[in-house]
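Dropping start14.txt in here (compact mmCIF, C-alpha atoms):
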```
# COMPACT_ATOMS: atom_id res chain seq x y z
CA MET A 1 12.99 -5.70 14.57
CA SER A 2 9.72 -7.14 13.35
CA ILE A 3 7.47 -5.15 11.03
CA PRO A 4 5.27 -2.83 13.13
CA ARG A 5 1.60 -3.69 13.14
CA THR A 6 0.52 -0.14 12.34
CA THR A 7 1.79 2.20 9.64
CA LEU A 8 0.74 5.85 9.37
CA ARG A 9 1.29 8.01 6.30
CA ILE A 10 1.04 11.75 6.93
CA GLY A 11 1.11 14.53 4.35
CA ASN A 12 0.21 18.20 4.46
CA ASP A 13 -3.42 17.45 3.63
CA SER A 14 -3.64 13.66 3.83
CA LEU A 15 -3.67 10.98 6.50
CA SER A 16 -3.89 7.24 5.99
CA PHE A 17 -3.37 4.05 7.96
CA ALA A 18 -2.21 0.57 7.03
CA VAL A 19 -2.54 -2.19 9.60
CA ALA A 20 -1.06 -5.66 9.31
CA THR A 21 -3.68 -8.43 9.38
CA PRO A 22 -1.71 -11.67 8.81
CA SER A 23 -4.80 -13.89 8.87
CA GLN A 24 -6.47 -12.07 5.96
CA GLN A 25 -5.76 -11.60 2.26
CA PRO A 26 -4.58 -9.07 1.42
CA ASN A 27 -2.77 -9.09 4.75
CA ILE A 28 -2.90 -5.30 5.03
CA GLN A 29 -5.96 -3.21 5.83
CA PHE A 30 -5.70 0.30 4.41
CA ASP A 31 -7.84 3.36 5.00
CA ALA A 32 -7.48 6.98 3.91
CA TYR A 33 -8.78 9.04 6.80
CA PRO A 34 -11.00 12.02 5.84
CA LEU A 35 -9.44 15.08 7.43
CA ARG A 36 -11.71 17.59 9.11
CA ALA A 37 -11.11 21.07 7.77
CA GLY A 38 -10.39 23.88 10.20
CA ILE A 39 -8.40 21.85 12.72
CA SER A 40 -4.74 20.92 12.81
CA MET A 41 -3.24 17.61 11.73
CA ALA A 42 -2.47 16.87 15.38
CA ALA A 43 -6.15 17.38 16.27
CA ASN A 44 -7.22 15.17 13.37
CA LEU A 45 -4.83 12.49 14.61
CA ARG A 46 -6.29 12.65 18.13
CA GLU A 47 -9.78 12.21 16.72
CA ALA A 48 -8.64 9.33 14.53
CA PHE A 49 -6.99 7.51 17.43
CA ALA A 50 -10.14 7.96 19.50
CA SER A 51 -12.64 6.85 16.86
CA HIS A 52 -11.01 4.72 14.18
CA SER A 53 -11.25 1.00 14.87
CA LEU A 54 -8.05 0.18 12.98
CA ILE A 55 -5.82 2.28 15.23
CA SER A 56 -7.80 2.75 18.43
CA ASP A 57 -5.61 0.35 20.45
CA GLU A 58 -2.72 2.02 22.25
CA GLY A 59 0.84 0.77 22.67
CA GLY A 60 2.95 -1.42 20.44
CA GLN A 61 5.11 -0.50 17.47
CA ALA A 62 4.37 1.82 14.60
CA GLN A 63 6.13 3.21 11.58
CA VAL A 64 5.31 6.66 10.26
CA LEU A 65 5.89 7.90 6.73
CA ILE A 66 6.10 11.67 6.42
CA ASP A 67 5.20 13.02 2.98
CA SER A 68 7.16 16.26 2.93
CA PRO A 69 10.32 17.70 1.31
CA ILE A 70 13.56 15.92 2.17
CA MET A 71 17.21 16.87 2.08
CA LEU A 72 19.63 14.10 1.16
CA ALA A 73 23.19 14.20 2.48
CA PRO A 74 26.17 11.81 2.63
CA ILE A 75 25.96 9.55 5.65
CA GLU A 76 29.26 11.04 6.86
CA GLU A 77 27.40 14.31 7.49
CA ALA A 78 25.07 12.74 10.07
CA ASP A 79 27.06 14.13 13.00
CA THR A 80 27.28 17.69 11.66
CA ASP A 81 24.76 20.45 12.33
CA ILE A 82 22.37 18.91 9.86
CA GLU A 83 19.36 20.74 11.33
CA THR A 84 20.83 24.15 10.49
CA LEU A 85 21.63 22.96 6.97
CA PHE A 86 18.06 21.70 6.57
CA HIS A 87 16.60 25.09 7.55
CA HIS A 88 18.96 26.79 5.08
CA THR A 89 17.67 24.44 2.38
CA PHE A 90 13.95 24.68 3.17
CA THR A 91 11.87 27.46 4.67
CA GLY A 92 8.55 27.15 6.42
CA PHE A 93 9.58 24.44 8.90
CA GLU A 94 10.40 26.70 11.83
CA GLY A 95 9.13 25.14 15.05
CA CYS A 96 9.20 21.62 13.58
CA LEU A 97 11.42 18.78 14.67
CA VAL A 98 14.10 17.77 12.18
CA LEU A 99 14.61 14.00 11.90
CA GLN A 100 17.02 11.75 10.03
CA SER A 101 16.56 8.37 8.39
CA ILE A 102 19.43 6.30 7.02
CA LEU A 103 19.39 4.78 3.53
CA PRO A 104 22.34 2.42 4.03
CA ASP A 105 22.51 1.04 0.48
CA LEU A 106 22.79 4.59 -0.82
CA ASN A 107 25.26 5.69 1.87
CA THR A 108 22.87 8.58 2.43
CA ILE A 109 20.77 10.15 5.15
CA ALA A 110 17.36 11.63 4.44
CA VAL A 111 16.61 14.71 6.54
CA PHE A 112 13.00 15.80 6.98
CA ALA A 113 10.74 17.67 9.37
CA ILE A 114 7.69 16.77 11.42
CA ASN A 115 5.32 19.03 13.31
CA LYS A 116 6.08 18.85 17.04
CA ASP A 117 2.44 18.44 18.05
CA VAL A 118 1.93 15.63 15.52
CA LYS A 119 4.96 13.79 16.84
CA MET A 120 3.78 14.22 20.42
CA VAL A 121 0.34 12.77 19.62
CA ILE A 122 1.97 9.77 17.92
CA SER A 123 4.45 9.24 20.76
CA ASN A 124 1.63 9.34 23.30
CA HIS A 125 -0.23 6.61 21.42
CA PHE A 126 2.55 4.14 20.53
CA ASP A 127 5.38 2.73 22.65
CA ASP A 128 7.92 2.42 19.82
CA VAL A 129 7.85 4.53 16.65
CA ARG A 130 10.10 4.63 13.59
CA TYR A 131 9.94 7.64 11.28
CA MET A 132 10.96 7.88 7.65
CA PRO A 133 10.16 10.09 4.64
CA ALA A 134 7.47 8.61 2.39
CA ILE A 135 9.82 8.57 -0.60
CA GLN A 136 12.42 6.40 1.19
CA PRO A 137 11.07 2.94 0.24
CA VAL A 138 10.81 4.05 -3.40
CA LEU A 139 14.36 5.44 -3.46
CA SER A 140 15.77 2.29 -1.88
CA TYR A 141 13.87 -0.19 -4.04
CA LEU A 142 14.47 1.59 -7.34
CA HIS A 143 18.16 1.82 -6.44
CA ARG A 144 18.27 -1.97 -6.23
CA ARG A 145 16.21 -2.20 -9.40
CA SER A 146 18.55 0.18 -11.21
CA GLY A 147 21.51 -1.96 -10.18
CA SER A 148 19.78 -5.05 -11.57
CA LEU A 149 19.07 -3.31 -14.86
CA SER A 150 22.68 -2.15 -15.12
CA THR A 151 23.96 -5.65 -14.41
CA ALA A 152 21.62 -7.19 -16.98
CA SER A 153 22.71 -4.74 -19.67
CA ARG A 154 26.42 -4.81 -18.87
CA GLY A 155 28.38 -5.58 -21.98
CA LEU A 156 25.37 -4.92 -24.20
CA SER A 157 24.68 -1.25 -23.62
CA THR A 158 25.43 1.70 -21.39
CA THR A 159 21.88 2.93 -20.93
CA ALA A 160 21.12 5.25 -18.06
CA GLN A 161 17.81 5.43 -16.20
CA LEU A 162 15.86 8.38 -14.86
CA TYR A 163 13.01 7.77 -12.42
CA ALA A 164 10.02 9.97 -11.62
CA TYR A 165 7.58 9.28 -8.79
CA ASN A 166 4.42 11.35 -8.54
CA HIS A 167 1.97 11.32 -5.66
CA GLY A 168 -0.61 13.99 -4.98
CA ASN A 169 0.94 17.29 -5.95
CA ARG A 170 4.58 16.34 -5.48
CA LEU A 171 6.90 14.98 -8.16
CA HIS A 172 10.20 13.31 -7.20
CA VAL A 173 12.84 12.87 -9.92
CA PHE A 174 16.05 10.91 -9.34
CA SER A 175 18.78 8.87 -10.97
CA TYR A 176 21.55 6.50 -9.96
CA GLN A 177 25.03 6.01 -11.34
CA ARG A 178 27.59 3.35 -10.44
CA ASN A 179 25.35 2.12 -7.65
CA ARG A 180 25.09 5.55 -6.05
CA LEU A 181 22.52 8.33 -6.10
CA ARG A 182 23.46 10.73 -8.88
CA PHE A 183 20.57 13.19 -8.74
CA TYR A 184 17.47 13.88 -6.66
CA ASN A 185 15.00 16.75 -6.55
CA SER A 186 11.30 17.21 -5.91
CA PHE A 187 8.79 19.72 -7.19
CA ASP A 188 5.30 20.96 -6.48
CA ASN A 189 3.39 19.54 -9.39
CA ALA A 190 -0.04 20.99 -10.04
CA HIS A 191 -0.26 20.33 -13.80
CA THR A 192 0.84 17.67 -16.26
CA SER A 193 2.68 20.26 -18.33
CA ASP A 194 4.74 21.22 -15.28
CA ALA A 195 5.70 17.59 -14.63
CA ALA A 196 6.75 17.09 -18.24
CA TYR A 197 8.84 20.26 -18.14
CA TYR A 198 10.65 19.25 -14.93
CA ILE A 199 11.41 15.76 -16.21
CA LEU A 200 12.63 16.88 -19.63
CA TYR A 201 14.73 19.68 -18.13
CA ILE A 202 16.48 17.22 -15.80
CA TRP A 203 16.90 14.78 -18.68
CA LYS A 204 18.73 17.50 -20.61
CA GLN A 205 20.68 18.64 -17.53
CA LEU A 206 22.01 15.11 -17.00
CA ALA A 207 22.84 14.79 -20.71
CA PHE A 208 20.74 11.66 -21.17
CA ASN A 209 20.23 10.30 -24.68
CA PRO A 210 16.58 10.56 -25.84
CA LEU A 211 17.02 7.57 -28.17
CA THR A 212 18.71 5.02 -25.92
CA ASP A 213 18.38 6.00 -22.24
CA GLU A 214 15.30 5.11 -20.21
CA LEU A 215 12.68 6.94 -18.18
CA TYR A 216 10.57 5.07 -15.61
CA LEU A 217 7.41 6.68 -14.22
CA CYS A 218 5.58 5.44 -11.13
CA GLY A 219 2.84 6.55 -8.77
CA ASP A 220 -0.04 8.74 -9.93
CA ILE A 221 0.81 9.01 -13.62
CA GLU A 222 -1.69 10.49 -16.05
CA ASP A 223 -1.85 9.05 -19.55
CA LYS A 224 -1.41 12.58 -20.89
CA LEU A 225 1.98 12.89 -19.15
CA THR A 226 3.20 9.59 -20.60
CA GLU A 227 2.00 10.57 -24.07
CA THR A 228 3.75 13.95 -23.84
CA LEU A 229 7.05 12.45 -22.71
CA ARG A 230 6.96 9.79 -25.42
CA GLN A 231 6.95 12.55 -28.01
CA TYR A 232 10.51 13.37 -26.92
CA LEU A 233 11.91 10.17 -25.39
CA GLN A 234 12.14 6.83 -27.13
CA ASN A 235 12.04 4.73 -23.96
CA ALA A 236 9.48 6.11 -21.48
CA HIS A 237 7.94 3.34 -19.36
CA VAL A 238 5.29 3.24 -16.63
CA ILE A 239 5.91 1.00 -13.60
CA THR A 240 2.58 -0.57 -12.63
CA PRO A 241 2.40 -2.09 -9.14
CA ALA A 242 0.71 -5.36 -10.16
CA ALA A 243 3.36 -6.13 -12.78
CA GLU A 244 6.24 -4.81 -10.70
CA PHE A 245 5.33 -6.77 -7.57
CA ASN A 246 4.24 -9.99 -9.26
CA ARG A 247 0.52 -9.41 -8.66
CA ALA A 248 0.95 -9.29 -4.89
CA PRO A 249 -2.47 -8.95 -3.20
CA ILE A 250 -1.49 -5.58 -1.76
CA THR A 251 -1.42 -4.11 -5.28
CA GLN A 252 -5.19 -4.58 -5.47
CA ILE A 253 -5.88 -2.24 -2.53
CA ALA A 254 -7.61 0.82 -3.94
CA GLY A 255 -6.06 4.17 -3.12
CA MET A 256 -2.87 2.86 -1.50
CA PRO A 257 0.12 5.00 -2.54
CA PHE A 258 2.96 3.31 -4.42
CA ASP A 259 5.40 4.18 -1.63
CA LEU A 260 3.32 2.24 0.92
CA MET A 261 3.04 -0.76 -1.39
CA THR A 262 6.80 -0.66 -1.92
CA LEU A 263 7.41 -0.50 1.83
CA PHE A 264 5.35 -3.61 2.53
CA VAL A 265 6.58 -5.63 -0.45
CA LYS A 266 10.24 -4.58 -0.63
CA GLY A 267 11.04 -2.98 2.74
CA ARG A 268 12.44 0.40 3.63
```

Before we go any further, please render this structure as structure tokens.
Amino acid sequence: MSIPRTTLRIGNDSLSFAVATPSQQPNIQFDAYPLRAGISMAANLREAFASHSLISDEGGQAQVLIDSPIMLAPIEEADTDIETLFHHTFTGFEGCLVLQSILPDLNTIAVFAINKDVKMVISNHFDDVRYMPAIQPVLSYLHRRSGSLSTASRGLSTTAQLYAYNHGNRLHVFSYQRNRLRFYNSFDNAHTSDAAYYILYIWKQLAFNPLTDELYLCGDIEDKLTETLRQYLQNAHVITPAAEFNRAPITQIAGMPFDLMTLFVKGR
């Protein structure tokens, strides 16, 4: 399937659009839509579809990234009552639709929820829609990256890598081992000190070595967080989009989340 022309990214309090424009550079137009307080996300979406020139046309394909908590499960569990398990794992999603997205390289399914009214508005506007959690492109790409790092260091060292992706007020922390997902969790992250605590606690929980193993930070990373972590970890690095994606034009788009950049440059 070809890449959909329109991509929506929906969070609890954020809404943005990215539209493919092959004849322009960068070949993606991005806009963060200002939400109107006091009305639902579904109502905001209706207004955006009616008034925003980027997405006013109906029909065609779209992909939708949902920025919300996810539950990861082995792909073999896809046919079980995964919805019940999701509601046991997370509260506050009663009345939502529970969706699944496959991460084939990780042999994993990501389970997440979407508001029914939001999904209905999207389905009424586009003919063909693919849904995925916003973290999925980052998990998939950094899995491949982790494998490359392991291959490059094979025979020279046995360093392990921990990854942390921060966007808005949510911090995702994850690690891979032997080409599989070893650990994943996410946290509400209101303060830098909280983020540092979560990362260092997981580092200790996984028995990583502070002198030889590596931490990679990406997304909205404050200098203060990096400085704090480097007091305890010898190898704490920040992944910057321009360097990571070989100065691709998309990395110059102000305000575009790292997960969206990763989706367009590296796929889902």

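Using only C-alpha atoms, the shortest contact distance between Ala190 of chain A and any of A:Gly168, A:Pro26, A:Gln234, A:Phe174 is found at A:Gly168.
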
Interatomic distance between atom CA of Pro74 of chain A and atom CA of Asn107 of chain A?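 Atom CA of Asn107 of chain A lies at a distance of 6.2 Å from atom CA of Pro74 of chain A.
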
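Rounded to one decimal, atom CA of Tyr165 of chain A and atom CA of Phe258 of chain A lie 8.7 Å from each other.
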
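Computed from the coordinates, the atom CA of Thr91 of chain A to atom CA of Pro69 of chain A distance equals 10.4 Å.
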
Centre, x/y/z edge lengths, axis-aligned box for segment 87-103 of chain A with 8 Å per side, as AutoDock Vina command-line options:
```
--center_x 14.0 --center_y 16.1 --center_z 8.7 --size_x 26.9 --size_y 38.7 --size_z 28.7
```

Would you list the contacts of Gln136 of chain A as a ChimeraX atom specification, taking every protein, DNA or RNA residue within 9 Å and counting all atoms listed in the file, but skipping same-chain residues closer than 3 positions in sequence?
/A:65,101,103,110,132-133,139-141,259,263,268

- Task: Take the point (26.1, 12.3, 11.2) as written in the file and pick out every residue within 12 Å of it, counting only C-alpha atoms; give the list as a ChimeraX atom specification.
- Result: /A:73-83,99-102,107-111

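Residue nearest Lys224 of chain A, chosen from A:Thr21, A:Gln29, A:Ser193, A:Ser16 and counting all atoms listed in the file: A:Ser193.
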
* Asked: Using all atoms listed in the file, which residues sit within 9 Å of Ile221 of chain A once same-chain residues fewer than 6 positions away are excluded, as an MDAnalysis selection string?
  -> chainID A and resid 165:167 238

Take the residues from that selection and write them out as a PDB file, in the coordinates of the input, keeping C-alpha atoms.
```
ATOM      1  CA  TYR A 165       7.580   9.280  -8.790  1.00  0.00           C
ATOM      2  CA  ASN A 166       4.420  11.350  -8.540  1.00  0.00           C
ATOM      3  CA  HIS A 167       1.970  11.320  -5.660  1.00  0.00           C
ATOM      4  CA  VAL A 238       5.290   3.240 -16.630  1.00  0.00           C
TER       5      VAL A 238
END
```

- Name all residues at most 9 Å from Leu181 of chain A (count all atoms listed in the file; drop same-chain ones fewer than 3 positions away) and give them as a list in words.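 What passes the distance filter is Leu106, Asn107, Thr108, His143, Phe174, Ser175, Tyr176, Gln177, Arg178 and Tyr184 of chain A.
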
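Closest approach to Tyr197 of chain A from the set A:Val265, A:Leu225, A:Ile135, A:Leu217 is made by A:Leu225, with distances taken over all atoms listed in the file.
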
Nearest to Leu171 of chain A, restricted to all atoms listed in the file and choosing among A:Leu206, A:Val118, A:Cys218, A:Leu211, comes out as A:Cys218

Of A:Lys204, A:Pro241, A:Asn179, A:Leu54, the one nearest to Ala254 of chain A when counting all atoms listed in the file is A:Pro241

Non-local contacts of Arg145 of chain A (12 Å; only C-alpha atoms; under 6 positions in same chain excluded) as a PDB file with C-alpha atoms, in the coordinates of the input:
```pdb
ATOM      1  CA  VAL A 138      10.810   4.050  -3.400  1.00  0.00           C
ATOM      2  CA  LEU A 139      14.360   5.440  -3.460  1.00  0.00           C
ATOM      3  CA  THR A 151      23.960  -5.650 -14.410  1.00  0.00           C
ATOM      4  CA  ALA A 152      21.620  -7.190 -16.980  1.00  0.00           C
ATOM      5  CA  GLN A 161      17.810   5.430 -16.200  1.00  0.00           C
ATOM      6  CA  LEU A 162      15.860   8.380 -14.860  1.00  0.00           C
ATOM      7  CA  TYR A 163      13.010   7.770 -12.420  1.00  0.00           C
ATOM      8  CA  SER A 175      18.780   8.870 -10.970  1.00  0.00           C
ATOM      9  CA  TYR A 176      21.550   6.500  -9.960  1.00  0.00           C
ATOM     10  CA  ASN A 179      25.350   2.120  -7.650  1.00  0.00           C
ATOM     11  CA  TYR A 216      10.570   5.070 -15.610  1.00  0.00           C
ATOM     12  CA  ILE A 239       5.910   1.000 -13.600  1.00  0.00           C
ATOM     13  CA  GLU A 244       6.240  -4.810 -10.700  1.00  0.00           C
ATOM     14  CA  PHE A 245       5.330  -6.770  -7.570  1.00  0.00           C
ATOM     15  CA  LYS A 266      10.240  -4.580  -0.630  1.00  0.00           C
TER      16      LYS A 266
END
```

Q. How would you write as number ranges by chain the residues that get within 9 Å of (4.3, 10.7, -19.5) in the file's frame, counting all atoms listed in the file?
A. A: 192, 195-196, 217, 221-230, 236-238

Check: Which is closest to Asn124 of chain A among A:Val98, A:Ser51, A:Phe93, A:Ala42, if we use all atoms listed in the file?
Finding: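 Residue with the minimum atom-to-atom distance to Asn124 of chain A: A:Ala42.
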
Residue completion, segment 25-36 of chain A, all heavy atoms, as a short mmCIF file (atom, residue, chain, number, x, y, z; two decimals), in the coordinates of the input:
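What ended up in rebuild21.cif:
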```
data_model
loop_
_atom_site.label_atom_id
_atom_site.label_comp_id
_atom_site.auth_asym_id
_atom_site.auth_seq_id
_atom_site.Cartn_x
_atom_site.Cartn_y
_atom_site.Cartn_z
N GLN A 25 -6.35 -11.91 3.55
CA GLN A 25 -5.76 -11.60 2.26
C GLN A 25 -6.58 -10.50 1.59
O GLN A 25 -7.79 -10.66 1.42
CB GLN A 25 -5.70 -12.84 1.37
CG GLN A 25 -4.61 -13.81 1.75
CD GLN A 25 -3.22 -13.22 1.58
OE1 GLN A 25 -2.99 -12.33 0.76
NE2 GLN A 25 -2.28 -13.70 2.40
N PRO A 26 -5.98 -9.39 1.17
CA PRO A 26 -4.58 -9.07 1.42
C PRO A 26 -4.31 -8.87 2.92
O PRO A 26 -5.23 -8.56 3.67
CB PRO A 26 -4.36 -7.76 0.65
CG PRO A 26 -5.72 -7.14 0.58
CD PRO A 26 -6.69 -8.29 0.50
N ASN A 27 -3.07 -9.10 3.32
CA ASN A 27 -2.77 -9.09 4.75
C ASN A 27 -2.51 -7.70 5.30
O ASN A 27 -1.88 -7.54 6.34
CB ASN A 27 -1.59 -10.02 5.07
CG ASN A 27 -0.34 -9.64 4.31
OD1 ASN A 27 -0.29 -8.62 3.63
ND2 ASN A 27 0.69 -10.47 4.42
N ILE A 28 -2.98 -6.69 4.59
CA ILE A 28 -2.90 -5.30 5.03
C ILE A 28 -4.28 -4.67 4.87
O ILE A 28 -4.90 -4.78 3.82
CB ILE A 28 -1.88 -4.49 4.20
CG1 ILE A 28 -0.47 -5.07 4.33
CG2 ILE A 28 -1.89 -3.03 4.63
CD1 ILE A 28 0.13 -4.95 5.71
N GLN A 29 -4.77 -4.04 5.93
CA GLN A 29 -5.96 -3.21 5.83
C GLN A 29 -5.53 -1.76 5.69
O GLN A 29 -4.70 -1.27 6.46
CB GLN A 29 -6.85 -3.37 7.06
CG GLN A 29 -7.64 -4.66 7.11
CD GLN A 29 -8.61 -4.67 8.27
OE1 GLN A 29 -8.27 -5.05 9.39
NE2 GLN A 29 -9.82 -4.20 8.03
N PHE A 30 -6.10 -1.07 4.71
CA PHE A 30 -5.70 0.30 4.41
C PHE A 30 -6.92 1.20 4.45
O PHE A 30 -8.00 0.83 3.98
CB PHE A 30 -5.04 0.38 3.04
CG PHE A 30 -4.78 1.78 2.57
CD1 PHE A 30 -3.69 2.50 3.05
CD2 PHE A 30 -5.62 2.40 1.64
CE1 PHE A 30 -3.45 3.80 2.62
CE2 PHE A 30 -5.39 3.69 1.21
CZ PHE A 30 -4.30 4.39 1.70
N ASP A 31 -6.73 2.41 4.99
CA ASP A 31 -7.84 3.36 5.00
C ASP A 31 -7.28 4.77 4.92
O ASP A 31 -6.35 5.13 5.66
CB ASP A 31 -8.67 3.21 6.27
CG ASP A 31 -9.97 4.01 6.20
OD1 ASP A 31 -10.45 4.25 5.08
OD2 ASP A 31 -10.49 4.41 7.26
N ALA A 32 -7.81 5.55 4.00
CA ALA A 32 -7.48 6.98 3.91
C ALA A 32 -8.46 7.73 4.80
O ALA A 32 -9.67 7.70 4.56
CB ALA A 32 -7.57 7.45 2.47
N TYR A 33 -7.93 8.39 5.81
CA TYR A 33 -8.78 9.04 6.80
C TYR A 33 -9.22 10.41 6.29
O TYR A 33 -8.40 11.23 5.87
CB TYR A 33 -8.00 9.20 8.11
CG TYR A 33 -8.80 9.77 9.25
CD1 TYR A 33 -9.69 8.99 9.97
CD2 TYR A 33 -8.67 11.11 9.61
CE1 TYR A 33 -10.42 9.51 11.02
CE2 TYR A 33 -9.39 11.65 10.66
CZ TYR A 33 -10.26 10.85 11.36
OH TYR A 33 -10.99 11.37 12.40
N PRO A 34 -10.52 10.70 6.31
CA PRO A 34 -11.00 12.02 5.84
C PRO A 34 -10.69 13.10 6.87
O PRO A 34 -11.24 13.10 7.98
CB PRO A 34 -12.51 11.80 5.68
CG PRO A 34 -12.85 10.69 6.63
CD PRO A 34 -11.64 9.81 6.71
N LEU A 35 -9.83 14.01 6.51
CA LEU A 35 -9.44 15.08 7.43
C LEU A 35 -10.59 16.07 7.61
O LEU A 35 -11.32 16.38 6.67
CB LEU A 35 -8.21 15.81 6.90
CG LEU A 35 -6.92 14.98 6.82
CD1 LEU A 35 -5.80 15.82 6.21
CD2 LEU A 35 -6.50 14.47 8.20
N ARG A 36 -10.69 16.57 8.82
CA ARG A 36 -11.71 17.59 9.11
C ARG A 36 -11.07 18.96 8.94
O ARG A 36 -10.05 19.29 9.57
CB ARG A 36 -12.23 17.41 10.54
CG ARG A 36 -13.44 18.28 10.84
CD ARG A 36 -14.33 17.65 11.90
NE ARG A 36 -13.70 17.58 13.20
CZ ARG A 36 -13.81 18.54 14.14
NH1 ARG A 36 -14.48 19.64 13.88
NH2 ARG A 36 -13.24 18.38 15.32
#
```
